[in-house]
file start.txt (compact mmCIF, C-alpha atoms)
# COMPACT_ATOMS: atom_id res chain seq x y z
CA MET A 1 25.74 31.14 -5.38
CA ILE A 2 23.74 27.92 -5.16
CA GLU A 3 20.77 27.59 -7.45
CA LYS A 4 17.65 25.95 -6.15
CA THR A 5 16.34 23.31 -8.51
CA GLU A 6 12.98 21.65 -8.37
CA ASN A 7 12.67 17.92 -7.97
CA THR A 8 11.07 16.90 -11.23
CA LYS A 9 10.88 13.19 -10.44
CA ALA A 10 7.29 12.06 -10.94
CA SER A 11 5.54 10.35 -8.08
CA ASN A 12 4.88 6.65 -8.48
CA GLY A 13 1.92 6.98 -6.19
CA LYS A 14 0.94 7.51 -2.60
CA VAL A 15 1.44 4.91 0.12
CA GLY A 16 -0.09 4.81 3.59
CA PHE A 17 1.92 2.93 6.20
CA ILE A 18 1.09 1.41 9.58
CA SER A 19 3.92 0.03 11.71
CA LEU A 20 3.12 -2.15 14.72
CA GLY A 21 5.36 -4.14 17.02
CA CYS A 22 8.89 -4.33 18.29
CA PRO A 23 12.08 -2.46 17.38
CA LYS A 24 12.92 -5.14 14.78
CA ALA A 25 9.62 -4.42 13.04
CA LEU A 26 10.41 -0.71 13.20
CA VAL A 27 13.71 -1.35 11.42
CA ASP A 28 11.85 -3.23 8.67
CA SER A 29 9.33 -0.38 8.43
CA GLU A 30 12.12 2.17 8.04
CA ARG A 31 13.82 0.05 5.36
CA ILE A 32 10.55 -0.30 3.42
CA LEU A 33 9.69 3.39 3.74
CA THR A 34 13.18 4.47 2.70
CA GLN A 35 13.09 2.29 -0.42
CA LEU A 36 9.57 3.41 -1.33
CA ARG A 37 10.65 7.06 -1.08
CA LEU A 38 13.76 6.34 -3.16
CA ASP A 39 11.53 4.70 -5.75
CA GLY A 40 9.45 7.88 -6.00
CA TYR A 41 6.49 7.11 -3.76
CA ASP A 42 4.95 9.70 -1.49
CA VAL A 43 4.15 8.46 2.01
CA VAL A 44 0.87 9.97 3.16
CA PRO A 45 -0.68 10.14 6.64
CA THR A 46 -4.27 9.15 5.84
CA TYR A 47 -6.01 6.20 4.24
CA LYS A 48 -8.05 8.40 1.92
CA ASP A 49 -4.94 10.06 0.50
CA ALA A 50 -3.19 6.71 -0.13
CA ASP A 51 -3.36 4.68 -3.32
CA ILE A 52 -2.32 1.62 -1.31
CA VAL A 53 -1.65 0.86 2.38
CA VAL A 54 1.11 -1.29 3.88
CA VAL A 55 0.53 -2.74 7.35
CA ASN A 56 3.64 -4.04 9.14
CA THR A 57 2.19 -6.36 11.77
CA CYS A 58 3.17 -7.87 15.09
CA GLY A 59 2.40 -11.48 15.94
CA PHE A 60 4.26 -11.94 19.21
CA ILE A 61 1.36 -12.25 21.68
CA ASP A 62 -2.39 -12.65 21.23
CA ALA A 63 -3.12 -9.00 22.03
CA ALA A 64 -0.61 -7.88 19.37
CA LYS A 65 -2.11 -10.30 16.84
CA GLN A 66 -5.56 -8.86 17.49
CA GLU A 67 -4.23 -5.31 17.18
CA SER A 68 -2.68 -6.29 13.85
CA LEU A 69 -5.92 -7.85 12.58
CA ASP A 70 -7.84 -4.76 13.70
CA ALA A 71 -5.37 -2.45 11.90
CA ILE A 72 -5.64 -4.54 8.72
CA GLY A 73 -9.44 -4.40 8.93
CA GLU A 74 -9.42 -0.64 9.42
CA ALA A 75 -7.09 -0.16 6.45
CA ILE A 76 -9.29 -2.36 4.26
CA SER A 77 -12.50 -0.59 5.26
CA GLU A 78 -10.97 2.88 4.82
CA ASN A 79 -8.86 2.24 1.70
CA GLY A 80 -9.47 -1.25 0.31
CA LYS A 81 -5.98 -1.85 -1.08
CA VAL A 82 -3.76 -3.41 1.59
CA ILE A 83 -0.42 -5.23 1.68
CA VAL A 84 0.43 -7.02 4.93
CA THR A 85 3.94 -7.81 6.16
CA GLY A 86 5.69 -8.55 9.43
CA CYS A 87 5.49 -11.28 12.07
CA MET A 88 1.78 -11.85 11.58
CA GLY A 89 2.57 -12.72 7.97
CA LEU A 90 3.60 -16.12 9.29
CA GLU A 91 -0.13 -16.66 9.85
CA ALA A 92 -1.22 -15.77 6.31
CA ASP A 93 -4.16 -18.20 6.43
CA LYS A 94 -5.59 -16.48 9.50
CA ILE A 95 -5.14 -13.05 7.90
CA ARG A 96 -6.83 -14.13 4.65
CA GLU A 97 -9.61 -15.88 6.53
CA THR A 98 -10.31 -12.74 8.56
CA HIS A 99 -9.63 -10.26 5.73
CA PRO A 100 -9.97 -11.94 2.31
CA GLY A 101 -9.55 -8.57 0.55
CA VAL A 102 -5.85 -8.27 1.43
CA LEU A 103 -3.79 -7.98 -1.77
CA VAL A 104 -0.56 -9.58 -0.50
CA VAL A 105 0.66 -11.20 2.72
CA SER A 106 4.43 -11.42 3.13
CA ASN A 107 6.58 -12.77 5.92
CA LEU A 108 8.85 -11.17 8.44
CA HIS A 109 11.87 -9.23 7.06
CA ALA A 110 10.49 -9.26 3.50
CA CYS A 111 11.31 -5.62 2.78
CA GLU A 112 12.24 -6.09 -0.87
CA GLU A 113 9.14 -8.20 -1.50
CA VAL A 114 6.90 -5.51 0.00
CA VAL A 115 8.47 -2.80 -2.16
CA ARG A 116 8.18 -5.01 -5.26
CA CYS A 117 4.54 -5.84 -4.50
CA THR A 118 3.73 -2.19 -3.87
CA GLY A 119 5.13 -1.33 -7.30
CA PHE A 120 3.25 -4.19 -8.95
CA TRP A 121 -0.09 -3.25 -7.41
CA GLN A 122 0.44 0.48 -7.95
CA GLU A 123 1.12 -0.14 -11.64
CA ARG A 124 -1.90 -2.41 -11.89
CA LEU A 125 -4.18 0.07 -10.11
CA THR A 126 -2.92 2.93 -12.29
CA LYS A 127 -3.63 0.93 -15.46
CA THR A 128 -7.11 0.11 -14.19
CA LYS A 129 -7.76 3.81 -13.46
CA MET A 130 -6.47 4.80 -16.90
CA GLN A 131 -8.62 2.16 -18.62
CA ALA A 132 -11.67 3.36 -16.70
CA LEU A 133 -10.97 6.98 -17.66
CA SER A 134 -10.43 5.98 -21.27
CA GLN A 135 -13.72 4.07 -21.26
CA LEU A 136 -15.51 7.10 -19.77
CA ARG A 137 -14.07 9.32 -22.51
CA VAL A 138 -15.21 6.89 -25.21
CA GLU A 139 -18.69 6.65 -23.69
CA SER A 140 -18.84 10.41 -23.26
CA ASN A 141 -17.80 11.05 -26.88
CA TRP A 142 -20.24 8.39 -28.09
CA SER A 143 -23.13 9.97 -26.19
CA LYS A 144 -22.26 13.40 -27.63
CA THR A 145 -22.32 12.07 -31.19
CA THR A 146 -25.63 10.24 -30.71
CA ALA A 147 -27.44 13.11 -29.00

call {"tool": "encode", "arguments": {"input": "start.txt", "output": "structure tokens"}}
result
Amino acid sequence: MIEKTENTKASNGKVGFISLGCPKALVDSERILTQLRLDGYDVVPTYKDADIVVVNTCGFIDAAKQESLDAIGEAISENGKVIVTGCMGLEADKIRETHPGVLVVSNLHACEEVVRCTGFWQERLTKTKMQALSQLRVESNWSKTTA
């Protein structure tokens, strides 16, 4: 008899992912997603459910570049925490000029860098959340003792 065991590995966070472009970009997307899952991240289908969003861009023709910039803009407006990778990453200045809120811009085939940056920003965002919660608890306890 085989016993069913629960996966007790804690989630490192939730990542949204947008993949644009050619089959080579799709291979990079699959490599990034596979490593993120192995590292304990949940990949979620919506911006609001994600702690951070990765956009794998295409920069082959002007229409693809515009689609990439539009996708980055949508991810920023819906989530606010965006890492950009892929062919369009070769035009980091244009991306940052159009979308200064992007956390990281990496180049084509930078799978390991994207995973590393996701971990860095997820850790940083988690610490910020924990500090904010801690501050709220302190303020809440202080207001109870002064009331």

call {"tool": "residues_near_point", "arguments": {"input": "start.txt", "point": "(-7.1, -5.2, 12.7)", "cutoff": "12 Å", "atoms": "only C-alpha atoms", "output": "ChimeraX atom specification"}}
result
/A:18,20,55-59,63-78,82,84,88,94-95,98-99,102

call {"tool": "closest_atom_pairs", "arguments": {"input": "start.txt", "of": "segment 11-58 of chain A", "to": "segment 109-129 of chain A", "cutoff": "9 Å", "atoms": "all atoms listed in the file", "output": "Markdown table"}}
result
| residue | atom | partner | partner_atom | distance |
| --- | --- | --- | --- | --- |
| A:Asn12 | CA | A:Gln122 | CA | 7.6 |
| A:Gly13 | CA | A:Gln122 | CA | 6.9 |
| A:Lys14 | CA | A:Gln122 | CA | 8.8 |
| A:Val15 | CA | A:Thr118 | CA | 8.5 |
| A:Lys24 | CA | A:His109 | CA | 8.8 |
| A:Ala25 | CA | A:His109 | CA | 8.0 |
| A:Asp28 | CA | A:His109 | CA | 6.2 |
| A:Ser29 | CA | A:Cys111 | CA | 8.0 |
| A:Arg31 | CA | A:Cys111 | CA | 6.7 |
| A:Ile32 | CA | A:Cys111 | CA | 5.4 |
| A:Leu33 | CA | A:Val115 | CA | 8.6 |
| A:Gln35 | CA | A:Val115 | CA | 7.1 |
| A:Leu36 | CA | A:Val115 | CA | 6.4 |
| A:Asp39 | CA | A:Val115 | CA | 8.9 |
| A:Asp51 | CA | A:Gln122 | CA | 7.3 |
| A:Ile52 | CA | A:Gln122 | CA | 7.3 |
| A:Val53 | CA | A:Thr118 | CA | 8.8 |
| A:Val54 | CA | A:Val114 | CA | 8.1 |

call {"tool": "atom_distance", "arguments": {"input": "start.txt", "atom1": "atom CA of Asn79 of chain A", "atom2": "atom CA of Leu108 of chain A"}}
result
23.2 Å

call {"tool": "closest_residue", "arguments": {"input": "start.txt", "among": "A:Glu97, A:Ile61, A:Asn107, A:Lys48", "to": "Gly21 of chain A", "atoms": "all atoms listed in the file"}}
result
A:Ile61

call {"tool": "atom_distance", "arguments": {"input": "start.txt", "atom1": "atom CA of Asp62 of chain A", "atom2": "atom CA of Lys81 of chain A"}}
result
25.0 Å

call {"tool": "closest_residue", "arguments": {"input": "start.txt", "among": "A:Val27, A:Cys22, A:Phe17, A:Ser106", "to": "Asp49 of chain A", "atoms": "only C-alpha atoms"}}
result
A:Phe17

call {"tool": "axis_aligned_box", "arguments": {"input": "start.txt", "around": "segment 39-54 of chain A", "padding_each_side": "8 Å", "output": "AutoDock Vina command-line options"}}
result
--center_x 1.7 --center_y 4.4 --center_z 0.3 --size_x 35.6 --size_y 27.4 --size_z 28.6

call {"tool": "atom_distance", "arguments": {"input": "start.txt", "atom1": "atom CA of Gly89 of chain A", "atom2": "atom CA of Pro45 of chain A"}}
result
23.1 Å

call {"tool": "closest_residue", "arguments": {"input": "start.txt", "among": "A:Pro100, A:Gly40, A:Gly80, A:Gly86", "to": "Leu26 of chain A", "atoms": "all atoms listed in the file"}}
result
A:Gly86

call {"tool": "decode", "arguments": {"input": "start.txt", "residues": "segment 70-139 of chain A", "atoms": "C-alpha atoms", "output": "compact mmCIF listing (two decimals), in the first residue's frame"}}
result
# COMPACT_ATOMS: atom_id res chain seq x y z
CA ASP A 70 2.20 47.33 -23.14
CA ALA A 71 2.43 44.06 -21.17
CA ILE A 72 5.01 45.58 -18.82
CA GLY A 73 2.77 48.61 -18.30
CA GLU A 74 -0.25 46.45 -17.57
CA ALA A 75 1.73 44.36 -15.06
CA ILE A 76 2.99 47.50 -13.32
CA SER A 77 -0.45 49.09 -13.13
CA GLU A 78 -2.10 45.87 -11.90
CA ASN A 79 0.64 44.62 -9.57
CA GLY A 80 3.47 47.16 -9.26
CA LYS A 81 6.32 44.68 -8.77
CA VAL A 82 7.74 43.65 -12.15
CA ILE A 83 10.90 41.93 -13.40
CA VAL A 84 11.55 42.14 -17.15
CA THR A 85 13.61 39.67 -19.17
CA GLY A 86 13.94 38.53 -22.76
CA CYS A 87 14.96 40.15 -26.04
CA MET A 88 13.56 43.54 -25.11
CA GLY A 89 15.95 43.52 -22.16
CA LEU A 90 18.61 44.56 -24.64
CA GLU A 91 16.79 47.91 -24.67
CA ALA A 92 16.81 48.43 -20.90
CA ASP A 93 17.02 52.22 -21.25
CA LYS A 94 13.82 52.31 -23.32
CA ILE A 95 12.05 50.05 -20.82
CA ARG A 96 13.12 52.16 -17.84
CA GLU A 97 12.27 55.38 -19.65
CA THR A 98 8.77 54.08 -20.43
CA HIS A 99 8.28 52.22 -17.13
CA PRO A 100 10.59 53.58 -14.41
CA GLY A 101 8.90 51.38 -11.78
CA VAL A 102 10.35 48.14 -13.16
CA LEU A 103 12.40 46.39 -10.46
CA VAL A 104 14.91 44.60 -12.71
CA VAL A 105 15.65 44.41 -16.44
CA SER A 106 17.71 41.42 -17.56
CA ASN A 107 18.89 40.33 -20.97
CA LEU A 108 18.00 37.46 -23.22
CA HIS A 109 18.67 33.93 -21.86
CA ALA A 110 19.22 35.21 -18.31
CA CYS A 111 17.15 32.49 -16.63
CA GLU A 112 19.34 32.12 -13.54
CA GLU A 113 19.48 35.88 -13.07
CA VAL A 114 15.69 36.14 -13.23
CA VAL A 115 15.26 33.39 -10.63
CA ARG A 116 17.90 35.00 -8.39
CA CYS A 117 16.28 38.44 -8.72
CA THR A 118 12.84 37.00 -8.00
CA GLY A 119 14.18 35.49 -4.78
CA PHE A 120 15.93 38.71 -3.81
CA TRP A 121 12.85 40.87 -4.36
CA GLN A 122 10.50 38.32 -2.78
CA GLU A 123 12.67 38.26 0.34
CA ARG A 124 12.85 42.04 0.40
CA LEU A 125 9.08 42.43 -0.08
CA THR A 126 8.38 39.85 2.64
CA LYS A 127 10.65 41.69 5.09
CA THR A 128 8.93 44.97 4.27
CA LYS A 129 5.51 43.37 4.87
CA MET A 130 6.69 41.87 8.16
CA GLN A 131 8.15 45.20 9.31
CA ALA A 132 4.90 46.96 8.44
CA LEU A 133 2.87 44.35 10.35
CA SER A 134 5.23 44.61 13.31
CA GLN A 135 4.88 48.40 13.28
CA LEU A 136 1.08 48.09 13.16
CA ARG A 137 1.16 45.74 16.16
CA VAL A 138 3.37 48.15 18.11
CA GLU A 139 1.12 51.09 17.24
